[in-house]
Each structure stands twice: as structure tokens, then as C-alpha cells.
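As stored in protein25.cif (mmCIF, C-alpha atoms):
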data_entry
loop_
_atom_site.group_PDB
_atom_site.id
_atom_site.type_symbol
_atom_site.label_atom_id
_atom_site.label_comp_id
_atom_site.auth_asym_id
_atom_site.auth_seq_id
_atom_site.Cartn_x
_atom_site.Cartn_y
_atom_site.Cartn_z
ATOM 1 C CA MET R 1 0.000 0.000 0.000
ATOM 2 C CA ALA R 2 1.277 3.457 -0.904
ATOM 3 C CA LYS R 3 0.411 6.889 0.479
ATOM 4 C CA ILE R 4 -0.673 8.949 -2.516
ATOM 5 C CA ILE R 5 -1.484 12.617 -3.093
ATOM 6 C CA ILE R 6 -3.832 13.507 -5.933
ATOM 7 C CA VAL R 7 -3.456 16.964 -7.510
ATOM 8 C CA GLU R 8 -6.422 17.265 -9.878
ATOM 9 C CA ASP R 9 -8.665 20.315 -10.264
ATOM 10 C CA GLU R 10 -11.744 18.494 -11.572
ATOM 11 C CA ALA R 11 -13.471 17.276 -8.424
ATOM 12 C CA ILE R 12 -15.439 14.478 -10.105
ATOM 13 C CA ILE R 13 -12.310 13.047 -11.715
ATOM 14 C CA ALA R 14 -10.323 13.449 -8.489
ATOM 15 C CA ASP R 15 -12.962 11.559 -6.507
ATOM 16 C CA GLU R 16 -13.060 8.814 -9.141
ATOM 17 C CA ILE R 17 -9.283 8.458 -8.970
ATOM 18 C CA GLN R 18 -9.422 8.329 -5.183
ATOM 19 C CA MET R 19 -12.038 5.577 -5.310
ATOM 20 C CA MET R 20 -9.892 3.579 -7.766
ATOM 21 C CA LEU R 21 -6.819 3.954 -5.589
ATOM 22 C CA GLU R 22 -8.610 2.911 -2.414
ATOM 23 C CA LEU R 23 -10.028 -0.148 -4.182
ATOM 24 C CA MET R 24 -6.429 -1.040 -5.078
ATOM 25 C CA GLY R 25 -5.504 -0.809 -1.393
ATOM 26 C CA HIS R 26 -3.661 2.514 -1.521
ATOM 27 C CA GLU R 27 -4.203 5.379 0.924
ATOM 28 C CA VAL R 28 -5.049 8.814 -0.459
ATOM 29 C CA VAL R 29 -3.523 11.206 2.071
ATOM 30 C CA ALA R 30 -4.590 14.367 0.212
ATOM 31 C CA ASN R 31 -6.909 15.195 -2.679
ATOM 32 C CA ILE R 32 -6.066 18.714 -3.860
ATOM 33 C CA GLN R 33 -7.490 20.941 -6.567
ATOM 34 C CA ASN R 34 -4.986 23.816 -6.357
ATOM 35 C CA GLY R 35 -1.256 23.735 -7.067
ATOM 36 C CA ASP R 36 -0.500 26.327 -4.391
ATOM 37 C CA TRP R 37 -2.186 24.207 -1.719
ATOM 38 C CA ALA R 38 -0.274 21.145 -2.853
ATOM 39 C CA LEU R 39 3.022 22.499 -1.514
ATOM 40 C CA ASP R 40 1.765 22.298 2.067
ATOM 41 C CA ALA R 41 0.547 18.748 1.513
ATOM 42 C CA PHE R 42 3.910 17.671 0.079
ATOM 43 C CA ALA R 43 5.682 18.894 3.188
ATOM 44 C CA LEU R 44 3.153 17.624 5.736
ATOM 45 C CA LYS R 45 2.040 14.297 4.272
ATOM 46 C CA ASN R 46 5.365 12.892 2.990
ATOM 47 C CA PRO R 47 3.670 10.798 0.266
ATOM 48 C CA ASP R 48 5.062 7.742 -1.497
ATOM 49 C CA LEU R 49 3.742 9.046 -4.833
ATOM 50 C CA VAL R 50 2.020 12.094 -6.330
ATOM 51 C CA LEU R 51 -0.469 11.992 -9.207
ATOM 52 C CA LEU R 52 -0.266 15.336 -11.013
ATOM 53 C CA ASP R 53 -2.692 16.826 -13.483
ATOM 54 C CA ILE R 54 -0.948 19.303 -15.784
ATOM 55 C CA THR R 55 -3.778 21.854 -15.875
ATOM 56 C CA ILE R 56 -4.582 22.809 -12.281
ATOM 57 C CA LYS R 57 -5.805 25.869 -10.433
ATOM 58 C CA GLY R 58 -3.463 28.275 -8.712
ATOM 59 C CA SER R 59 -0.308 30.092 -9.742
ATOM 60 C CA ARG R 60 1.543 26.865 -10.616
ATOM 61 C CA ASN R 61 0.569 24.202 -13.140
ATOM 62 C CA GLY R 62 1.412 20.518 -12.887
ATOM 63 C CA ILE R 63 4.708 20.911 -14.716
ATOM 64 C CA ASP R 64 5.754 23.663 -12.289
ATOM 65 C CA MET R 65 4.827 21.349 -9.408
ATOM 66 C CA ALA R 66 6.862 18.522 -10.928
ATOM 67 C CA ARG R 67 9.940 20.748 -11.089
ATOM 68 C CA LEU R 68 9.474 21.705 -7.448
ATOM 69 C CA ILE R 69 9.194 18.055 -6.474
ATOM 70 C CA ARG R 70 12.466 17.333 -8.294
ATOM 71 C CA GLU R 71 14.199 20.255 -6.589
ATOM 72 C CA LYS R 72 12.892 19.981 -3.018
ATOM 73 C CA TYR R 73 11.432 16.541 -2.352
ATOM 74 C CA ASN R 74 12.320 12.902 -2.757
ATOM 75 C CA PHE R 75 9.256 11.090 -4.042
ATOM 76 C CA PRO R 76 8.061 9.993 -7.485
ATOM 77 C CA PHE R 77 5.305 11.643 -9.502
ATOM 78 C CA VAL R 78 3.107 10.506 -12.377
ATOM 79 C CA PHE R 79 1.284 12.885 -14.708
ATOM 80 C CA LEU R 80 -2.451 12.495 -15.311
ATOM 81 C CA THR R 81 -3.528 14.609 -18.253
ATOM 82 C CA SER R 82 -5.801 14.990 -21.235
ATOM 83 C CA HIS R 83 -2.924 16.616 -23.142
ATOM 84 C CA SER R 84 -0.772 14.447 -25.409
ATOM 85 C CA ASP R 85 0.410 17.010 -27.979
ATOM 86 C CA MET R 86 4.125 17.323 -28.762
ATOM 87 C CA GLY R 87 4.391 20.739 -27.115
ATOM 88 C CA THR R 88 3.138 19.390 -23.797
ATOM 89 C CA LEU R 89 5.279 16.258 -24.077
ATOM 90 C CA SER R 90 8.365 18.393 -24.705
ATOM 91 C CA GLU R 91 7.717 20.295 -21.476
ATOM 92 C CA VAL R 92 6.831 17.166 -19.527
ATOM 93 C CA LYS R 93 10.014 15.303 -20.404
ATOM 94 C CA THR R 94 12.151 18.076 -18.907
ATOM 95 C CA THR R 95 10.777 17.067 -15.484
ATOM 96 C CA TYR R 96 11.694 13.352 -15.851
ATOM 97 C CA PRO R 97 8.378 11.934 -14.592
ATOM 98 C CA TYR R 98 7.953 8.367 -13.395
ATOM 99 C CA GLY R 99 4.908 7.972 -15.612
ATOM 100 C CA TYR R 100 2.422 9.692 -17.909
ATOM 101 C CA ILE R 101 -1.228 8.665 -18.156
ATOM 102 C CA VAL R 102 -3.518 10.180 -20.772
ATOM 103 C CA LYS R 103 -7.185 10.674 -19.853
ATOM 104 C CA PRO R 104 -9.510 8.888 -20.084
ATOM 105 C CA PHE R 105 -7.818 5.934 -18.440
ATOM 106 C CA THR R 106 -8.877 2.677 -16.809
ATOM 107 C CA GLN R 107 -8.227 1.386 -13.331
ATOM 108 C CA GLN R 108 -5.735 -1.057 -14.857
ATOM 109 C CA ASN R 109 -3.863 1.809 -16.566
ATOM 110 C CA LEU R 110 -3.639 3.583 -13.242
ATOM 111 C CA LEU R 111 -2.543 0.474 -11.342
ATOM 112 C CA THR R 112 0.166 -0.338 -13.887
ATOM 113 C CA ALA R 113 1.555 3.203 -13.912
ATOM 114 C CA ILE R 114 1.668 3.385 -10.113
ATOM 115 C CA GLU R 115 3.312 -0.022 -9.696
ATOM 116 C CA LEU R 116 5.988 0.779 -12.289
ATOM 117 C CA ALA R 117 6.651 4.206 -10.775
ATOM 118 C CA LEU R 118 7.009 2.814 -7.249
ATOM 119 C CA HIS R 119 9.220 -0.023 -8.483
ATOM 120 C CA GLN R 120 11.497 2.317 -10.413
ATOM 121 C CA TYR R 121 11.757 4.689 -7.462
ATOM 122 C CA ALA R 122 12.526 1.848 -5.030
ATOM 123 C CA SER R 123 15.243 0.526 -7.346
ATOM 124 C CA GLU R 124 16.874 3.941 -7.485
ATOM 125 C CA GLN R 125 16.847 4.253 -3.698
ATOM 126 C CA GLN R 126 18.292 0.783 -3.074
ATOM 127 C CA SER R 127 21.239 1.316 -5.354
ATOM 128 C CA PRO R 128 22.364 4.938 -5.112
ATOM 129 C CA PHE R 129 23.869 6.142 -8.350
ATOM 130 C CA PRO R 130 27.055 8.231 -8.113
ATOM 131 C CA THR R 131 26.285 11.946 -8.101
ATOM 132 C CA LEU R 132 27.528 14.413 -10.704
ATOM 133 C CA SER R 133 30.087 15.690 -8.202
ATOM 134 C CA THR R 134 31.352 12.138 -7.574
ATOM 135 C CA PHE R 135 32.190 11.748 -11.250
ATOM 136 C CA VAL R 136 34.050 15.069 -11.143
ATOM 137 C CA THR R 137 36.025 14.387 -7.965
ATOM 138 C CA GLN R 138 36.852 10.723 -8.590
ATOM 139 C CA LEU R 139 37.127 10.530 -12.377
ATOM 140 C CA GLY R 140 37.536 14.145 -13.427
ATOM 141 C CA ILE R 141 34.488 13.819 -15.707
ATOM 142 C CA GLN R 142 31.938 16.611 -16.042
ATOM 143 C CA PHE R 143 28.595 15.229 -17.220
ATOM 144 C CA SER R 144 25.524 17.283 -18.054
ATOM 145 C CA THR R 145 22.386 16.451 -16.059
ATOM 146 C CA ARG R 146 20.956 14.727 -19.132
ATOM 147 C CA GLU R 147 24.097 12.602 -19.674
ATOM 148 C CA HIS R 148 24.134 11.656 -15.991
ATOM 149 C CA GLU R 149 20.508 10.499 -16.055
ATOM 150 C CA LEU R 150 20.953 8.504 -19.264
ATOM 151 C CA LEU R 151 24.062 6.814 -17.881
ATOM 152 C CA GLN R 152 22.061 5.878 -14.790
ATOM 153 C CA SER R 153 19.354 4.324 -16.963
ATOM 154 C CA LEU R 154 22.029 2.416 -18.858
ATOM 155 C CA CYS R 155 23.444 1.076 -15.588
ATOM 156 C CA GLU R 156 19.949 -0.017 -14.548
ATOM 157 C CA GLY R 157 20.091 -2.476 -17.436
ATOM 158 C CA LEU R 158 17.607 -0.736 -19.712
ATOM 159 C CA THR R 159 17.912 -1.130 -23.476
ATOM 160 C CA TYR R 160 18.312 1.946 -25.685
ATOM 161 C CA LYS R 161 14.646 1.614 -26.641
ATOM 162 C CA GLU R 162 13.582 1.451 -22.985
ATOM 163 C CA ILE R 163 15.790 4.426 -22.113
ATOM 164 C CA ALA R 164 14.242 6.382 -24.983
ATOM 165 C CA ALA R 165 10.732 5.609 -23.733
ATOM 166 C CA LYS R 166 11.619 6.476 -20.140
ATOM 167 C CA HIS R 167 13.069 9.864 -21.045
ATOM 168 C CA PHE R 168 10.653 10.677 -23.890
ATOM 169 C CA LEU R 169 13.474 10.858 -26.442
ATOM 170 C CA SER R 170 14.211 9.100 -29.719
ATOM 171 C CA VAL R 171 16.560 6.109 -29.803
ATOM 172 C CA ASN R 172 18.927 8.050 -32.068
ATOM 173 C CA THR R 173 19.074 10.897 -29.528
ATOM 174 C CA ILE R 174 19.852 8.397 -26.757
ATOM 175 C CA LYS R 175 22.645 6.860 -28.831
ATOM 176 C CA SER R 176 24.083 10.296 -29.567
ATOM 177 C CA HIS R 177 24.097 11.316 -25.889
ATOM 178 C CA LEU R 178 25.575 8.008 -24.727
ATOM 179 C CA LYS R 179 28.270 8.191 -27.403
ATOM 180 C CA GLN R 180 29.374 11.463 -25.807
ATOM 181 C CA VAL R 181 29.223 9.822 -22.367
ATOM 182 C CA PHE R 182 31.453 6.955 -23.549
ATOM 183 C CA GLN R 183 33.929 9.427 -25.032
ATOM 184 C CA LYS R 184 34.137 11.330 -21.748
ATOM 185 C CA MET R 185 34.634 8.062 -19.850
ATOM 186 C CA GLN R 186 37.166 6.853 -22.446
ATOM 187 C CA VAL R 187 35.341 3.561 -22.883
ATOM 188 C CA SER R 188 34.126 1.850 -26.025
ATOM 189 C CA SER R 189 31.261 -0.298 -24.772
ATOM 190 C CA ARG R 190 28.293 -0.385 -22.443
ATOM 191 C CA HIS R 191 29.991 -3.073 -20.347
ATOM 192 C CA GLU R 192 33.096 -0.949 -19.802
ATOM 193 C CA ALA R 193 30.979 2.057 -18.831
ATOM 194 C CA VAL R 194 28.893 0.089 -16.319
ATOM 195 C CA THR R 195 32.011 -1.511 -14.826
ATOM 196 C CA GLN R 196 33.605 1.898 -14.335
ATOM 197 C CA VAL R 197 30.468 3.218 -12.613
ATOM 198 C CA HIS R 198 30.244 0.208 -10.292
ATOM 199 C CA LYS R 199 33.768 0.910 -9.065
ATOM 200 C CA LEU R 200 32.543 4.271 -7.759
ATOM 201 C CA ARG R 201 29.845 2.773 -5.531
#
Here is the file; what I need is its structure written in the form of C-alpha cells.
Amino acid sequence: MAKIIIVEDEAIIADEIQMMLELMGHEVVANIQNGDWALDAFALKNPDLVLLDITIKGSRNGIDMARLIREKYNFPFVFLTSHSDMGTLSEVKTTYPYGYIVKPFTQQNLLTAIELALHQYASEQQSPFPTLSTFVTQLGIQFSTREHELLQSLCEGLTYKEIAAKHFLSVNTIKSHLKQVFQKMQVSSRHEAVTQVHKLR
């Protein structure tokens, strides 16, 4: 069972989501319609997961909230939205969400997204990945945030296709970024890169 916060400004949809979650055995610790109010809930409730609508009331939208979660808190978030256009996706992928569900969705869609998000988050916590500063101090390598995150996905055993899906990028873009990573690490293969990272842990 996970403690979940719902940030959704349509009350009927929010209540439906809450009902689905409770039927799955999860606990909804806050059901919020306004992005400004959500900040207090994040601090007070310490959730295991946040479900974020992109279009919400208040001075901050869901993407703004996602960036704040990345900067200040340590819990996963999944977007719930009726928007699937390329402009929205481009903004969304800059926040590195743990999932993205397009409305309307089924209870099974919701369950799958939550389970995958919680699993991914738990895996990251169990096996801390070296920080950007660790690469600088121990290897003298300066990675960009993007390169660092893609290298982490590579070390998690994901294929290029899976990494592309996770980060909302094309496979060719992933290959291009990781080629630069390999050059900085002075390695020629995935195996060599992963081995070098494991030595830092």
C-alpha cells in the first residue's frame, strides 16, 4: 500500500481516482485541486507518490509542481492529463516523470503506472547512483544532467529503446548522448561504462 497525493482540479475526476486507488488498497492522504495548496501537503504528508494533473488551479501548473518536487522533495510523480500534444510532451520530459497517463484511463492503466513508478523509485533508492560531483572528484568527468541520467538508466540495465521511452526521447538521440558519455569516460562499450560506474559505488 502506498500513500498517494492527488493533484487534480476536476473534483469528479479526483474523486473517481481516489475511489480507484482505495479499491487497489492505496491510501489517499490528500486530494487537492490547487497547485499552491499542494506544496503544504507535500511537506506535511510525505507521500510515497504524487499523481499530477498538468492543468490545475493556482499560480503553478502541474509541470511547475513537478519541477518543485524534483528540486525539493524525494518522491516519485506521475502525470495524469488529457494533453498528449508534442508541445506538452516536450515540457513534460524536462521534469523526468515516473509515468504519464492520458485521460480517459482505466483502473488497470492507473494500477500499472503506479506499480511501475514505485518499483522504479525503489530501485533507485536501493542502489544509489554516483552523483555528478562524484564523477568530477573521482574521475575528473563533467557530465551534463541529461548525460548523468541517461548513464544511470544504462546502468539499470535498460535497453536503448527502454531508455528512450523512459526519457521521452528518440533512440537516435539516446545513442548520440551516450556516445558522448562513452567518449568522456574513455570507454568503447556499455559493459566498460557500467564496470567503471560500479567501481565508484
Spell out the residues picked by the PyMOL selection byres ((chain R and resi 1) around 10) here, as a PyMOL selection string. chain R and resi 2-4+21-22+24-27+48
How close does range 66-85 of chain R get to range 30-37 of chain R? List, as JSON lines, each residue of range 66-85 of chain R within 12 Å, its nearest atom pair and the distance in Å to one decimal, counting all atoms listed in the file.
{"residue": "R:Ala66", "atom": "CA", "partner": "R:Gly35", "partner_atom": "CA", "distance": 10.4}
{"residue": "R:Leu68", "atom": "CA", "partner": "R:Gly35", "partner_atom": "CA", "distance": 10.9}
{"residue": "R:Ile69", "atom": "CA", "partner": "R:Gly35", "partner_atom": "CA", "distance": 11.9}
Which one is closest to Gln183 in chain R: R:Glu147, R:Glu115, R:Asp9, R:Glu124? Count only C-alpha atoms. R:Glu147
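For the set R:Ser59, R:Thr88, R:Gln18, R:Ser82, the residue with the smallest atom-to-atom gap to Phe168 in chain R is R:Thr88, counting all atoms listed in the file.
Counting from CA of Thr159 in chain R, the distance to CA of Val171 in chain R is 9.7 Å.
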Quick one: everything within 9 Å of Leu151 in chain R, counting all atoms listed in the file, minus sequence neighbours fewer than 2 positions away in the same chain. Send it as a PDB file with C-alpha atoms, in the frame of the given file.
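This went into out18.pdb:
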ATOM      1  CA  ARG R 146      20.956  14.727 -19.132  1.00  0.00           C
ATOM      2  CA  GLU R 147      24.097  12.602 -19.674  1.00  0.00           C
ATOM      3  CA  HIS R 148      24.134  11.656 -15.991  1.00  0.00           C
ATOM      4  CA  GLU R 149      20.508  10.499 -16.055  1.00  0.00           C
ATOM      5  CA  SER R 153      19.354   4.324 -16.963  1.00  0.00           C
ATOM      6  CA  LEU R 154      22.029   2.416 -18.858  1.00  0.00           C
ATOM      7  CA  CYS R 155      23.444   1.076 -15.588  1.00  0.00           C
ATOM      8  CA  GLU R 156      19.949  -0.017 -14.548  1.00  0.00           C
ATOM      9  CA  LEU R 178      25.575   8.008 -24.727  1.00  0.00           C
ATOM     10  CA  VAL R 181      29.223   9.822 -22.367  1.00  0.00           C
ATOM     11  CA  ALA R 193      30.979   2.057 -18.831  1.00  0.00           C
ATOM     12  CA  VAL R 194      28.893   0.089 -16.319  1.00  0.00           C
TER      13      VAL R 194
END
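One finds CA of Gln186 in chain R at 11.6 Å from CA of Gly140 in chain R.
We find CA of Pro128 in chain R and CA of Tyr98 in chain R to be spaced 17.0 Å apart.
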Once the PyMOL selection byres ((chain R and resi 100-104) around 6) has been applied to the shown file, what residues remain in the selection, as a list in words? Val78, Phe79, Leu80, Thr81, Ser82, Gly99 and Phe105 of chain R
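Residues matching the PyMOL selection byres ((chain R and resi 129-139) around 9) in this structure come to Glu124, Gln125, Ser127, Pro128, Gly140, Ile141, Gln142, Phe143, Ser144, Thr145, His148, Gln152, Cys155, Met185, Val197, His198, Leu200 and Arg201 of chain R.
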Save out the residues we just selected, C-alpha atoms, as a tab-separated table (two decimals), in the frame of the given file.
chain	number	residue	atom	x	y	z
R	124	GLU	CA	16.87	3.94	-7.48
R	125	GLN	CA	16.85	4.25	-3.70
R	127	SER	CA	21.24	1.32	-5.35
R	128	PRO	CA	22.36	4.94	-5.11
R	140	GLY	CA	37.54	14.14	-13.43
R	141	ILE	CA	34.49	13.82	-15.71
R	142	GLN	CA	31.94	16.61	-16.04
R	143	PHE	CA	28.60	15.23	-17.22
R	144	SER	CA	25.52	17.28	-18.05
R	145	THR	CA	22.39	16.45	-16.06
R	148	HIS	CA	24.13	11.66	-15.99
R	152	GLN	CA	22.06	5.88	-14.79
R	155	CYS	CA	23.44	1.08	-15.59
R	185	MET	CA	34.63	8.06	-19.85
R	197	VAL	CA	30.47	3.22	-12.61
R	198	HIS	CA	30.24	0.21	-10.29
R	200	LEU	CA	32.54	4.27	-7.76
R	201	ARG	CA	29.84	2.77	-5.53
Return the single residue from R:Leu52, R:Val28, R:Leu111, R:Leu23 that is closest to Val92 in chain R, with distances computed using only C-alpha atoms. R:Leu52
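Shortest separation to Ser90 in chain R among R:Ile6, R:Ile56, R:Ile63, R:Leu118 occurs at residue R:Ile63, atoms counted being only C-alpha atoms.
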May I have the residues at most 12 Å from (21.9, 3.2, -32.3) in the file's coordinates, counting all atoms listed in the file, as an MDAnalysis selection string? chainID R and resid 159:161 163:164 170:179
Selection as a ChimeraX atom specification: residues within 12 Å of (9.2, 21.8, -20.6), counting all atoms listed in the file: /R:54,61-64,66-67,86-97,168
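With only C-alpha atoms as the atoms that count, the minimum distance from Gln107 in chain R to the choices R:Ile17, R:Ile12, R:Asn46, R:Lys199 is reached by R:Ile17.
Closest approach to His191 in chain R among R:His167, R:Arg60, R:Phe75, R:Gly157 is made by R:Gly157 (distances from all atoms listed in the file).
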